[in-house]
Amino acid sequence: MKKIIQYFVRIMFALCVAAGIGLYAPGVIHAEELFVMDDSDMIGQGGSIYYISSSQDDLLDEIWRMKVATGETSMVVSEPGGILKMIVCGELLYYTTANEESQWEIRSCRLNGADQEIVCEGVICHVDNENIYYMRHLKPTKTRLYARNLKTGKKTVIRTGKEGQTLALAGTIGNDMYYYLHDTKTDKLYLYRLNNATNKLIRVASEKRVADGTGGLLVSDVKQIDGELYYNFGSYEGSGGFWYGTIRRLTVDGKKKTVVGSAESDRIIAGRKEIYFTSTKGNYYKYDLKTAKKTKYSLKFEKDINYSVLGDKTYMADTSDAKQIQIFRFNSGTDREVLARFTSIPFKQRSNISYAVKMKQVGVYFAVCVTGTDYSKPEYGWRGKTDSINWYIVNTSGKVIGSF
C-alpha cells in the first residue's frame, strides 16, 4: 500500500509539471512482485509491445517487452527511481526516471535495452527525428518547456509557465503537439499547437470553467478528424478523481462548437462517422460528425458485463463463467446490433473476488485488462482492495497471442 501511495503522489506531481498523466490510482498485479498499472503507457513497435512493470515494495520500475510472434517477454531496463513515461522513436526507447538526487531525468536505450544513456534533465513529452521535447520544473513556481536537438544537444526555450500557471502536454497528432496552459489566477485555459518547424506555440483556443469545481483545468485529449480539431477539457473532481469534461469541435474556419458538455471519460472516442461518449450521469451518446446531431442510445446494464467502446466497435466482456472470459463485439452506438463472438480467454476466478474487464488498442492489437477486486472487508472502503491485474494481448482475429 505504501508503494501505491508513493507512486500516486509522483503521478499527481508530474501532471502539474509535465504531460498528459492520468489521475487514476494504479492497480496491482500479484505476480513475481510486479504490477502493471491499468492506465500505464503501452507501445506497439517493431513486432513488440512495451509496457511498464513495478515492484510492490519500493520504487523499482522496469520496462518489459513482449514479442508478438512468440509471446515471449523480457526486461528491457530497470530503474530504482521509477519510470514515469516512455516513448519509442525509431530504434530508441526514451523514458523519464528519477536520479539519485530525486530529480527527473530522461534516458534512452536501444529497443533491447543496450547503450543506455542520460539525455537531459526533465520529463519527456515528445520525440521526433530531430528534437526531444521536455519539461523542467525549475522551482516551485516555474515550469519550462524545451526543445533539444538530438544531434547537436542545442536546447531552445519554448515557453515558461510562471507562478500560478500549469503548462503541460495535451496530446500529439502525428508530429503536431498540443499543449495547454491553465492560469489559476484567472481560471482561464489556453490550448496551443506547437509548430515544430519554428518551435513556436500558436494559440488555437481559449476556455473558461464550464462546470462547478475546484480541480485544475486541463486539456485531457485532442483528436483531428477530417481536418478539424476536437479537444476534451475539464477537471478531475472528488476523492475518486472523476472526470468532468467538455468536448469542443474547432472547425477549419476557427469556430468553436460544443460536442458534449458533460463527458465522463477524459478520452475522445472517435469512429469513422461518429464520436461516442458517456455523460457524467451514465448515459450513452453518439455524435454524428457530418450533421453534428447528438443521439442518446442504451446499453443494457447487467451483472458481470463490462463494455469498452473502441471506435466503431463496442466490446462486451462477460465474466459470469468462473473458468473463462468471453468477449463479444457489436456496432457502436447500438444496443448489441450485429453481436458476434470475438474471443474467449481461459481465466480461473476466485469466488470471493469481483472481476472487471477493460480493453484498449495498442497499435494494431487489443490489450485486455482483467482486474480482480476484493470488497469483503469494510476497511477496504467503497473502492475495495485490488487483488490482481492480468493482461492479455489479442490480435484482430481474436487470437490471444500473449499475456503478462
# chains A, B, ... in the order shown; residues from 1 in each chain; ligands from 1
$ residues_around --residues "range 90-97 of chain A" --least-positions-apart "5" --cutoff "6 Å" --atoms "only C-alpha atoms" --output "PyMOL selection string"
chain A and resi 81-85+104-111+123
$ write_last_selection --atoms "C-alpha atoms" --output "PDB file, in the first residue's frame"
ATOM      1  CA  GLY A  81      13.918   5.721  -9.290  1.00  0.00           C
ATOM      2  CA  GLY A  82      10.732   4.568 -11.014  1.00  0.00           C
ATOM      3  CA  ILE A  83       9.626   5.166 -14.609  1.00  0.00           C
ATOM      4  CA  LEU A  84       7.149   7.891 -15.337  1.00  0.00           C
ATOM      5  CA  LYS A  85       6.660   7.878 -19.095  1.00  0.00           C
ATOM      6  CA  TRP A 104      13.518  13.901 -13.097  1.00  0.00           C
ATOM      7  CA  GLU A 105      15.881  12.699 -15.797  1.00  0.00           C
ATOM      8  CA  ILE A 106      15.356  11.490 -19.379  1.00  0.00           C
ATOM      9  CA  ARG A 107      17.275   8.430 -20.513  1.00  0.00           C
ATOM     10  CA  SER A 108      17.456   6.487 -23.767  1.00  0.00           C
ATOM     11  CA  CYS A 109      18.444   2.990 -24.831  1.00  0.00           C
ATOM     12  CA  ARG A 110      18.180   0.595 -27.727  1.00  0.00           C
ATOM     13  CA  LEU A 111      14.924  -1.340 -28.011  1.00  0.00           C
ATOM     14  CA  VAL A 123      10.120  14.981 -18.038  1.00  0.00           C
TER      15      VAL A 123
END
$ residues_around --residues "Thr291 in chain A" --least-positions-apart "5" --cutoff "12 Å" --atoms "only C-alpha atoms" --output "ChimeraX atom specification"
/A:259,273-275,286
$ residues_around --residues "Ser53 in chain A" --least-positions-apart "6" --cutoff "10 Å" --atoms "only C-alpha atoms" --output "list in words"
Val28, Ile29, Glu33, Leu34, Phe35, Val36, Met37, Ser40, Leu60, Asp61, Glu62, Ile63, Trp64, Met75, Ser78, Gly82, Ile83 and Phe404 of chain A
$ closest_residue --among "A:Cys369, A:Leu145, A:Ala322, A:Leu201" --to "Phe347 in chain A" --atoms "only C-alpha atoms"
A:Ala322
$ select_by_dssp --residues "range 54-137 of chain A" --states "strand (DSSP E)" --output "PyMOL selection string"
chain A and resi 54-55+61-67+73-79+83-89+92-98+104-110+117-121+123-127+131-137
$ residues_around --residues "range 218-225 of chain A" --least-positions-apart "6" --cutoff "7 Å" --atoms "only C-alpha atoms" --output "VMD selection string"
chain A and resid 20 170 to 171 173 180 182 231 to 235 266 to 268
